[in-house]
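Next comes entry39.tsv, with TSV, C-alpha atoms.
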```
chain	number	residue	atom	x	y	z
A	52	MET	CA	78.47	20.74	-87.34
A	53	ASN	CA	75.72	18.15	-87.77
A	54	LEU	CA	72.06	19.03	-87.32
A	55	VAL	CA	70.35	16.75	-84.78
A	56	PHE	CA	66.62	16.43	-84.09
A	57	GLY	CA	65.50	14.08	-81.32
A	58	SER	CA	62.10	12.90	-80.12
A	59	PRO	CA	60.36	10.11	-78.20
A	60	GLY	CA	59.61	6.91	-80.09
A	61	ARG	CA	55.86	7.50	-79.74
A	62	TYR	CA	53.78	10.25	-78.11
A	63	ILE	CA	50.21	9.21	-77.34
A	64	GLN	CA	47.65	11.65	-75.91
A	65	GLY	CA	43.95	11.22	-75.14
A	66	THR	CA	41.36	10.75	-72.41
A	67	GLN	CA	41.65	6.94	-72.28
A	68	VAL	CA	45.42	6.49	-72.44
A	69	LEU	CA	45.72	5.11	-68.90
A	70	ALA	CA	43.21	2.36	-69.74
A	71	GLN	CA	45.29	1.48	-72.83
A	72	ALA	CA	48.72	1.70	-71.18
A	73	GLY	CA	49.28	-2.05	-70.95
A	74	THR	CA	49.15	-2.41	-74.72
A	75	PHE	CA	51.93	0.15	-75.17
A	76	LEU	CA	54.10	-1.24	-72.38
A	77	ALA	CA	53.85	-4.70	-73.94
A	78	HIS	CA	55.64	-3.32	-76.99
A	79	CYS	CA	58.68	-2.70	-74.78
A	80	GLY	CA	58.80	-5.83	-72.63
A	81	ARG	CA	56.97	-7.95	-70.07
A	82	LYS	CA	58.30	-6.72	-66.72
A	83	ALA	CA	58.27	-3.08	-65.64
A	84	VAL	CA	59.53	-1.20	-62.62
A	85	VAL	CA	57.09	1.64	-61.94
A	86	VAL	CA	58.63	4.73	-60.34
A	87	ILE	CA	55.73	6.66	-58.82
A	88	ASP	CA	54.97	8.89	-55.84
A	89	SER	CA	52.69	7.61	-53.10
A	90	HIS	CA	49.88	10.08	-53.85
A	91	VAL	CA	49.65	9.19	-57.55
A	92	LEU	CA	49.93	5.49	-56.71
A	93	GLY	CA	46.71	5.73	-54.75
A	94	LEU	CA	44.97	7.47	-57.65
A	95	ILE	CA	45.82	5.12	-60.49
A	96	ARG	CA	47.15	1.77	-59.23
A	97	SER	CA	43.98	-0.27	-59.75
A	98	ARG	CA	43.51	1.01	-63.31
A	99	LEU	CA	47.16	0.53	-64.19
A	100	ASP	CA	47.12	-2.98	-62.72
A	101	ASP	CA	44.04	-3.88	-64.77
A	102	THR	CA	45.37	-2.69	-68.13
A	103	CYS	CA	48.75	-4.34	-67.60
A	104	ALA	CA	47.20	-7.65	-66.46
A	105	GLN	CA	45.20	-7.72	-69.69
A	106	ALA	CA	48.43	-7.19	-71.67
A	107	ASP	CA	50.40	-9.76	-69.61
A	108	VAL	CA	52.80	-7.11	-68.29
A	109	GLU	CA	54.15	-7.59	-64.76
A	110	LEU	CA	54.55	-4.48	-62.60
A	111	HIS	CA	56.89	-3.82	-59.66
A	112	TYR	CA	56.14	-0.56	-57.85
A	113	ILE	CA	58.78	1.65	-56.24
A	114	THR	CA	57.40	4.74	-54.53
A	115	PHE	CA	59.61	7.79	-54.78
A	116	ASP	CA	58.72	10.78	-52.64
A	117	GLY	CA	62.19	12.25	-52.21
A	118	GLU	CA	64.50	14.58	-54.08
A	119	ILE	CA	66.58	13.88	-57.18
A	120	THR	CA	69.95	13.71	-55.46
A	121	ALA	CA	72.84	11.27	-55.83
A	122	ASP	CA	71.69	9.53	-52.65
A	123	GLY	CA	68.08	9.44	-53.82
A	124	ILE	CA	69.08	7.88	-57.13
A	125	ALA	CA	71.31	5.34	-55.36
A	126	GLY	CA	68.38	4.34	-53.15
A	127	LEU	CA	66.21	3.90	-56.22
A	128	ARG	CA	68.81	1.68	-57.88
A	129	ASN	CA	69.06	-0.45	-54.74
A	130	ALA	CA	65.28	-0.87	-54.60
A	131	ALA	CA	65.12	-1.84	-58.28
A	132	ALA	CA	67.90	-4.41	-57.86
A	133	ALA	CA	65.39	-6.69	-56.13
A	134	PHE	CA	63.45	-7.09	-59.40
A	135	ASP	CA	63.96	-8.57	-62.85
A	136	PHE	CA	62.73	-5.89	-65.27
A	137	ASP	CA	63.16	-4.82	-68.87
A	138	MET	CA	61.62	-1.34	-68.77
A	139	VAL	CA	61.03	1.61	-66.45
A	140	LEU	CA	57.64	3.33	-66.29
A	141	ALA	CA	57.97	6.79	-64.70
A	142	VAL	CA	54.59	8.10	-63.51
A	143	GLY	CA	53.70	11.45	-61.94
A	144	GLY	CA	55.22	14.92	-61.92
A	145	GLY	CA	58.69	16.17	-62.77
A	146	LYS	CA	60.48	14.53	-59.83
A	147	CYS	CA	59.21	11.03	-60.55
A	148	ILE	CA	59.77	11.45	-64.28
A	149	ASP	CA	63.39	12.48	-63.64
A	150	ALA	CA	63.86	9.70	-61.09
A	151	GLY	CA	62.63	7.20	-63.65
A	152	LYS	CA	65.04	8.63	-66.22
A	153	ALA	CA	67.95	8.26	-63.82
A	154	LEU	CA	67.01	4.61	-63.18
A	155	ALA	CA	66.57	3.90	-66.89
A	156	HIS	CA	69.95	5.53	-67.57
A	157	SER	CA	71.87	3.52	-64.99
A	158	SER	CA	70.12	0.23	-65.79
A	159	GLY	CA	70.11	0.56	-69.57
A	160	ARG	CA	66.40	-0.28	-69.71
A	161	ALA	CA	63.75	1.25	-71.95
A	162	LEU	CA	61.93	4.28	-70.52
A	163	ILE	CA	58.22	5.02	-70.74
A	164	THR	CA	56.89	8.23	-69.17
A	165	MET	CA	53.34	8.90	-68.00
A	166	PRO	CA	52.88	12.45	-66.66
A	167	THR	CA	49.91	13.07	-64.39
A	168	VAL	CA	50.45	16.84	-64.39
A	169	ALA	CA	51.58	19.20	-67.15
A	170	SER	CA	53.97	21.23	-64.99
A	171	ASN	CA	56.96	20.94	-67.36
A	172	ASP	CA	58.07	19.19	-70.53
A	173	ALA	CA	60.28	16.59	-68.84
A	174	PRO	CA	58.20	13.62	-70.11
A	175	THR	CA	59.39	13.99	-73.71
A	176	SER	CA	63.07	14.78	-73.16
A	177	LYS	CA	66.24	12.79	-72.55
A	178	ASN	CA	67.53	15.14	-69.83
A	179	TYR	CA	67.18	14.93	-66.06
A	180	VAL	CA	68.46	17.24	-63.35
A	181	VAL	CA	70.29	16.09	-60.21
A	182	TYR	CA	70.52	18.37	-57.15
A	183	ASP	CA	72.75	18.41	-54.08
A	184	ALA	CA	71.51	18.29	-50.48
A	185	HIS	CA	70.96	22.08	-50.53
A	186	HIS	CA	68.81	21.91	-53.68
A	187	GLN	CA	71.58	23.42	-55.79
A	188	LEU	CA	71.94	22.00	-59.29
A	189	SER	CA	74.64	19.33	-59.23
A	190	GLU	CA	74.53	17.88	-62.74
A	191	VAL	CA	72.34	17.34	-65.78
A	192	GLY	CA	72.09	13.72	-66.86
A	193	HIS	CA	71.43	12.68	-70.45
A	194	LEU	CA	69.83	9.43	-71.55
A	195	LEU	CA	71.44	7.81	-74.59
A	196	ALA	CA	67.99	7.68	-76.21
A	197	SER	CA	64.72	9.55	-75.75
A	198	PRO	CA	61.77	7.86	-74.00
A	199	ARG	CA	60.36	4.93	-75.96
A	200	TYR	CA	56.77	6.01	-75.23
A	201	VAL	CA	55.18	9.11	-73.71
A	202	LEU	CA	51.68	8.29	-72.48
A	203	VAL	CA	49.57	11.37	-71.75
A	204	ASP	CA	46.10	10.82	-70.29
A	205	THR	CA	44.46	14.24	-70.55
A	206	GLY	CA	41.61	13.12	-68.29
A	207	LEU	CA	44.16	12.64	-65.50
A	208	ILE	CA	45.96	15.89	-66.23
A	209	ALA	CA	42.68	17.84	-66.23
A	210	GLN	CA	42.13	16.79	-62.60
A	211	ALA	CA	45.37	18.41	-61.43
A	212	PRO	CA	45.22	21.82	-59.68
A	213	ARG	CA	45.73	25.04	-61.66
A	214	GLN	CA	49.21	25.80	-60.32
A	215	PHE	CA	50.70	22.74	-62.01
A	216	LEU	CA	49.42	23.68	-65.45
A	217	LEU	CA	50.43	27.31	-64.94
A	218	ALA	CA	54.00	26.17	-64.16
A	219	GLY	CA	54.05	24.18	-67.39
A	220	ILE	CA	52.70	27.08	-69.41
A	221	ALA	CA	55.37	29.35	-67.91
A	222	ASP	CA	58.12	26.90	-68.89
A	223	ALA	CA	56.77	26.44	-72.43
A	224	LEU	CA	56.30	30.18	-73.07
A	225	THR	CA	60.03	30.74	-73.22
A	226	LYS	CA	60.89	28.17	-75.87
A	227	LYS	CA	60.08	30.27	-78.95
A	228	PHE	CA	62.34	33.12	-77.88
A	229	GLU	CA	65.14	30.85	-76.70
A	230	ALA	CA	65.11	28.72	-79.84
A	231	GLU	CA	65.22	31.90	-81.95
A	232	GLN	CA	68.27	33.11	-80.05
A	233	CYS	CA	69.99	29.74	-80.32
A	234	PHE	CA	69.30	29.60	-84.06
A	235	ASN	CA	70.41	33.19	-84.73
A	236	SER	CA	73.57	32.89	-82.62
A	237	ALA	CA	74.70	29.67	-84.31
A	238	GLY	CA	74.43	28.02	-80.90
A	239	VAL	CA	74.00	24.35	-80.01
A	240	ASN	CA	70.88	22.48	-78.96
A	241	MET	CA	70.52	19.88	-76.18
A	242	PHE	CA	72.21	17.27	-78.38
A	243	GLY	CA	75.33	19.45	-78.63
A	244	ALA	CA	74.51	19.92	-82.29
A	245	ARG	CA	73.34	22.53	-84.77
A	246	PRO	CA	69.74	23.47	-83.86
A	247	ALA	CA	67.06	22.06	-86.13
A	248	LEU	CA	64.72	24.42	-87.97
A	249	SER	CA	62.00	21.89	-87.14
A	250	GLY	CA	62.61	22.52	-83.44
A	251	LEU	CA	62.32	26.26	-83.96
A	252	VAL	CA	59.06	25.87	-85.90
A	253	LEU	CA	57.59	23.75	-83.09
A	254	ALA	CA	58.70	26.26	-80.45
A	255	ARG	CA	57.01	29.08	-82.36
A	256	GLU	CA	53.76	27.14	-82.76
A	257	CYS	CA	53.92	26.23	-79.07
A	258	TYR	CA	53.89	29.94	-78.21
A	259	GLN	CA	50.93	30.61	-80.50
A	260	VAL	CA	48.86	27.79	-78.99
A	261	ILE	CA	49.65	28.98	-75.47
A	262	ARG	CA	48.66	32.54	-76.22
A	263	GLN	CA	45.42	31.31	-77.79
A	264	HIS	CA	44.36	28.72	-75.20
A	265	ALA	CA	46.20	29.31	-71.90
A	266	GLU	CA	43.52	31.33	-70.15
A	267	ALA	CA	40.65	29.05	-71.15
A	268	GLY	CA	42.72	25.98	-70.32
A	269	LEU	CA	43.65	27.26	-66.88
A	270	ALA	CA	39.97	27.90	-66.16
A	271	LEU	CA	39.34	24.16	-66.67
A	272	ALA	CA	42.30	22.97	-64.57
A	273	GLY	CA	41.12	20.76	-61.72
A	274	SER	CA	37.70	20.17	-63.26
A	275	GLY	CA	38.50	16.94	-65.09
A	276	GLN	CA	36.99	18.40	-68.26
A	277	VAL	CA	38.88	18.05	-71.54
A	278	THR	CA	37.91	20.34	-74.41
A	279	PRO	CA	39.63	20.59	-77.81
A	280	ALA	CA	41.34	23.80	-76.61
A	281	PHE	CA	42.58	22.10	-73.41
A	282	ASP	CA	43.82	19.15	-75.45
A	283	GLN	CA	45.82	21.45	-77.76
A	284	LEU	CA	47.23	23.33	-74.78
A	285	ILE	CA	48.53	20.10	-73.21
A	286	GLU	CA	50.13	19.10	-76.52
A	287	ALA	CA	51.88	22.48	-76.64
A	288	VAL	CA	53.09	22.35	-73.02
A	289	LEU	CA	54.38	18.78	-73.19
A	290	LEU	CA	55.20	17.87	-76.78
A	291	MET	CA	55.85	21.08	-78.72
A	292	SER	CA	57.75	22.65	-75.85
A	293	GLY	CA	59.81	19.51	-75.25
A	294	LEU	CA	60.81	19.01	-78.87
A	295	GLY	CA	61.30	22.75	-79.32
A	296	PHE	CA	63.84	23.11	-76.52
A	297	GLU	CA	65.75	19.87	-77.11
A	298	SER	CA	66.19	20.27	-80.85
A	299	GLY	CA	65.84	24.06	-81.09
A	300	GLY	CA	68.00	24.99	-78.10
A	301	LEU	CA	67.83	27.17	-75.00
A	302	SER	CA	69.24	30.59	-74.13
A	303	ILE	CA	69.22	33.21	-71.36
A	304	ALA	CA	65.79	32.43	-69.88
A	305	HIS	CA	66.87	28.94	-68.85
A	306	ALA	CA	70.46	29.95	-68.11
A	307	MET	CA	69.08	32.24	-65.41
A	308	THR	CA	67.92	29.28	-63.34
A	309	ARG	CA	71.59	28.74	-62.43
A	310	GLY	CA	71.72	32.17	-60.81
A	311	LEU	CA	68.17	32.38	-59.45
A	312	SER	CA	68.66	29.13	-57.54
A	313	LYS	CA	71.39	30.89	-55.53
A	314	ILE	CA	69.22	33.56	-53.91
A	315	PRO	CA	66.50	33.35	-51.23
A	316	GLY	CA	62.97	33.81	-52.50
A	317	ALA	CA	63.74	32.83	-56.09
A	318	ARG	CA	65.31	29.49	-55.19
A	319	GLN	CA	62.06	28.36	-53.57
A	320	GLN	CA	60.05	28.96	-56.74
A	321	VAL	CA	59.17	26.30	-59.27
A	322	HIS	CA	61.16	26.02	-62.50
A	323	GLY	CA	58.40	27.60	-64.57
A	324	TRP	CA	58.36	30.76	-62.44
A	325	GLN	CA	62.12	31.14	-62.69
A	326	VAL	CA	62.27	30.80	-66.48
A	327	ALA	CA	59.21	33.02	-66.98
A	328	TYR	CA	61.09	35.79	-65.21
A	329	GLY	CA	64.26	34.86	-67.08
A	330	LEU	CA	62.42	35.30	-70.37
A	331	LEU	CA	61.58	38.91	-69.51
A	332	VAL	CA	65.25	39.57	-68.74
A	333	GLN	CA	66.20	38.03	-72.08
A	334	LEU	CA	63.71	40.22	-73.93
A	335	VAL	CA	65.05	43.37	-72.23
A	336	LEU	CA	68.56	42.32	-73.28
A	337	GLU	CA	67.26	41.93	-76.84
A	338	ASP	CA	65.87	45.48	-76.65
A	339	ARG	CA	62.42	44.31	-77.71
A	340	ASP	CA	59.88	46.97	-78.61
A	341	ALA	CA	57.43	48.42	-76.12
A	342	GLU	CA	54.40	46.85	-77.83
A	343	LEU	CA	55.68	43.28	-77.41
A	344	MET	CA	56.82	43.89	-73.83
A	345	GLY	CA	53.53	45.50	-72.88
A	346	ASP	CA	51.54	42.66	-74.44
A	347	LEU	CA	53.55	39.95	-72.72
A	348	LEU	CA	53.58	41.72	-69.35
A	349	GLY	CA	49.80	42.04	-69.55
A	350	PHE	CA	49.55	38.31	-70.28
A	351	TYR	CA	51.78	37.57	-67.27
A	352	GLN	CA	49.59	39.73	-65.05
A	353	ARG	CA	46.39	37.99	-66.17
A	354	LEU	CA	47.88	34.54	-65.53
A	355	GLY	CA	49.67	35.48	-62.29
A	356	LEU	CA	53.28	35.04	-63.44
A	357	PRO	CA	56.19	37.02	-61.92
A	358	ARG	CA	57.20	40.17	-63.81
A	359	ASN	CA	60.24	41.06	-61.72
A	360	LEU	CA	62.35	39.75	-58.85
A	361	ALA	CA	60.06	41.25	-56.23
A	362	GLU	CA	57.13	39.25	-57.62
A	363	LEU	CA	59.39	36.19	-57.64
A	364	GLY	CA	59.67	36.57	-53.85
A	365	VAL	CA	63.09	38.25	-53.69
A	366	THR	CA	63.71	41.02	-51.15
A	367	GLY	CA	66.70	43.25	-50.41
A	368	ILE	CA	67.50	43.72	-54.09
A	369	ASP	CA	70.89	45.42	-54.50
A	370	ASP	CA	73.89	45.18	-56.81
A	371	ALA	CA	75.53	42.46	-54.73
A	372	LEU	CA	72.44	40.26	-54.95
A	373	LEU	CA	72.08	40.90	-58.70
A	374	MET	CA	75.70	39.89	-59.17
A	375	GLN	CA	74.94	36.63	-57.34
A	376	VAL	CA	72.41	35.94	-60.09
A	377	ALA	CA	74.44	37.24	-63.02
A	378	GLU	CA	77.72	35.37	-62.53
A	379	PRO	CA	76.32	31.80	-62.42
A	380	THR	CA	73.91	32.66	-65.23
A	381	LEU	CA	76.70	33.60	-67.61
A	382	LYS	CA	78.59	30.40	-66.74
A	383	ALA	CA	75.64	28.26	-67.84
A	384	PRO	CA	76.10	26.60	-71.25
A	385	HIS	CA	72.82	28.06	-72.57
A	386	ALA	CA	74.12	31.61	-72.03
A	387	ARG	CA	76.44	31.10	-74.99
A	388	ASN	CA	73.38	30.76	-77.23
A	389	PHE	CA	72.82	34.51	-77.26
A	390	VAL	CA	73.83	37.45	-79.42
A	391	SER	CA	73.81	40.73	-77.49
A	392	VAL	CA	72.66	43.96	-79.07
A	393	SER	CA	76.27	45.17	-78.95
A	394	GLY	CA	77.38	42.14	-80.93
A	395	GLY	CA	79.88	41.03	-78.26
A	396	PRO	CA	79.65	38.48	-75.44
A	397	LEU	CA	77.02	39.23	-72.81
A	398	THR	CA	78.48	40.79	-69.65
A	399	CYS	CA	77.40	40.76	-66.01
A	400	ASN	CA	76.78	44.50	-66.18
A	401	GLU	CA	74.41	44.08	-69.12
A	402	LEU	CA	72.52	41.32	-67.34
A	403	ILE	CA	72.29	43.35	-64.12
A	404	GLY	CA	71.08	46.34	-66.12
A	405	ALA	CA	68.27	44.25	-67.63
A	406	MET	CA	67.20	43.01	-64.19
A	407	ARG	CA	67.28	46.56	-62.86
A	408	ALA	CA	65.11	47.72	-65.76
A	409	LEU	CA	62.39	45.23	-64.82
A	410	GLU	CA	62.46	46.28	-61.16
A	411	ASP	CA	62.28	49.97	-62.11
A	412	ARG	CA	59.35	49.37	-64.45
A	413	PHE	CA	57.03	48.61	-61.53
A	414	HIS	CA	58.19	51.31	-59.09
```

Please express the file's structure as structure tokens.
Amino acid sequence: MNLVFGSPGRYIQGTQVLAQAGTFLAHCGRKAVVVIDSHVLGLIRSRLDDTCAQADVELHYITFDGEITADGIAGLRNAAAAFDFDMVLAVGGGKCIDAGKALAHSSGRALITMPTVASNDAPTSKNYVVYDAHHQLSEVGHLLASPRYVLVDTGLIAQAPRQFLLAGIADALTKKFEAEQCFNSAGVNMFGARPALSGLVLARECYQVIRQHAEAGLALAGSGQVTPAFDQLIEAVLLMSGLGFESGGLSIAHAMTRGLSKIPGARQQVHGWQVAYGLLVQLVLEDRDAELMGDLLGFYQRLGLPRNLAELGVTGIDDALLMQVAEPTLKAPHARNFVSVSGGPLTCNELIGAMRALEDRFH
């Protein structure tokens, strides 16, 4: 099997990136459709207009405040059909980034992403998630190529409320452990290929940066201040995490989102919360030592991350509910990137036992 490592064409991060955006867009074309939510549009439109006018780049705005469903994507395509464009600029949080990816995919145009929050690592990846009308995962789309540019203005991101950055930290935390499992199990990464050692190295460094700077970075969230530590934290959450999961691979922590999205309480939580809990289940399945578990659980408590299903908002926890989580989890492709302690395929009973162990730990 071939090894595949993928990445954006360019990743650019700094406090003045928004003011420079026109220069980078001009490298990709002269006419852009901007997929953006109405709140972010009000925050940045005048500055984005100015930089693009200076670079002779024409912008056509499409506000997207809905959900990433088949109907939502169809509406986006219909809106874009009114314009002549050669690139898509996706601006905002995860929904607008994914909406922009879907439009770039269907139109065959170049994609540029500009996150305004660091709530996940979607800006660097080729993947986007489509949901049904009940917010159940319908499909995962894959761009033929990664984003041409990722433009990260840390001054913008530092203005976003704490909960967005915490969600991104939670998502990024898992990547080291998942990439290690994928590598050790001879699994496949997001390119359907042999995981790259480079992806694993990035995932491990991502974890180290988060453990070093997460608490200080979260204290600055919403202030607009950018320190060297905050800057490194954003690089870890967006770039290291994104490259680590795509080229290093995922495992049980992310597979669990398939099951957690089926049950009340958990399904309402953001992606980062779900995978943070899923990571703890994965570590119990790996039979990790008490020192590591205690250290990580203490870190979760200080940050305010869920340590069991109860803290994820789930009530009425019984075997039937745990089976509702376990069965879809084990059907997820990422679940195959796991070697159980027994050496055989992971079973529903083993997964339920790990979830039970976390509930029992706090009772």

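Of the residues under consideration (A:Leu289, A:Ser236, A:Pro357, A:Gln319), A:Ser236 shows the shortest atom-to-atom contact distance to A:Val392 when counting all atoms listed in the file.
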
List every residue of stretch 221-261 of chain A that has an atom at most 12 Å from any atom of stretch 191-211 of chain A, giving for each one its closest atom pair and the distance in Å to one decimal, counting all atoms listed in the file, sorted by chain and then by ascending residue number, as JSON lines.
```
{"residue": "A:Met241", "atom": "CA", "partner": "A:His193", "partner_atom": "CA", "distance": 9.2}
{"residue": "A:Phe242", "atom": "CA", "partner": "A:His193", "partner_atom": "CA", "distance": 9.2}
{"residue": "A:Gly243", "atom": "CA", "partner": "A:His193", "partner_atom": "CA", "distance": 11.3}
```

Next item on the list: Check the smallest atom-to-atom distance from each of A:Val86, A:Arg262, A:Cys399, A:Gly295 to A:Phe234 using all atoms listed in the file, then report the winner.
Entry: A:Gly295

Note to self: Counting all atoms listed in the file, which residue out of A:Ala130, A:Ile285, A:Ala169, A:Val332 sits closest to A:Gly145?
What the structure shows: A:Ala169

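Using all atoms listed in the file, the shortest contact distance between A:Pro315 and any of A:Gly300, A:Val365, A:Gln333, A:Arg339 is found at A:Val365.
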
Check: Neighbours of A:Gln283 within 9 Å (only C-alpha atoms; same-chain residues fewer than 4 positions away dropped), as number ranges by chain?
Finding: A: 260-261, 264, 278-279, 287-288
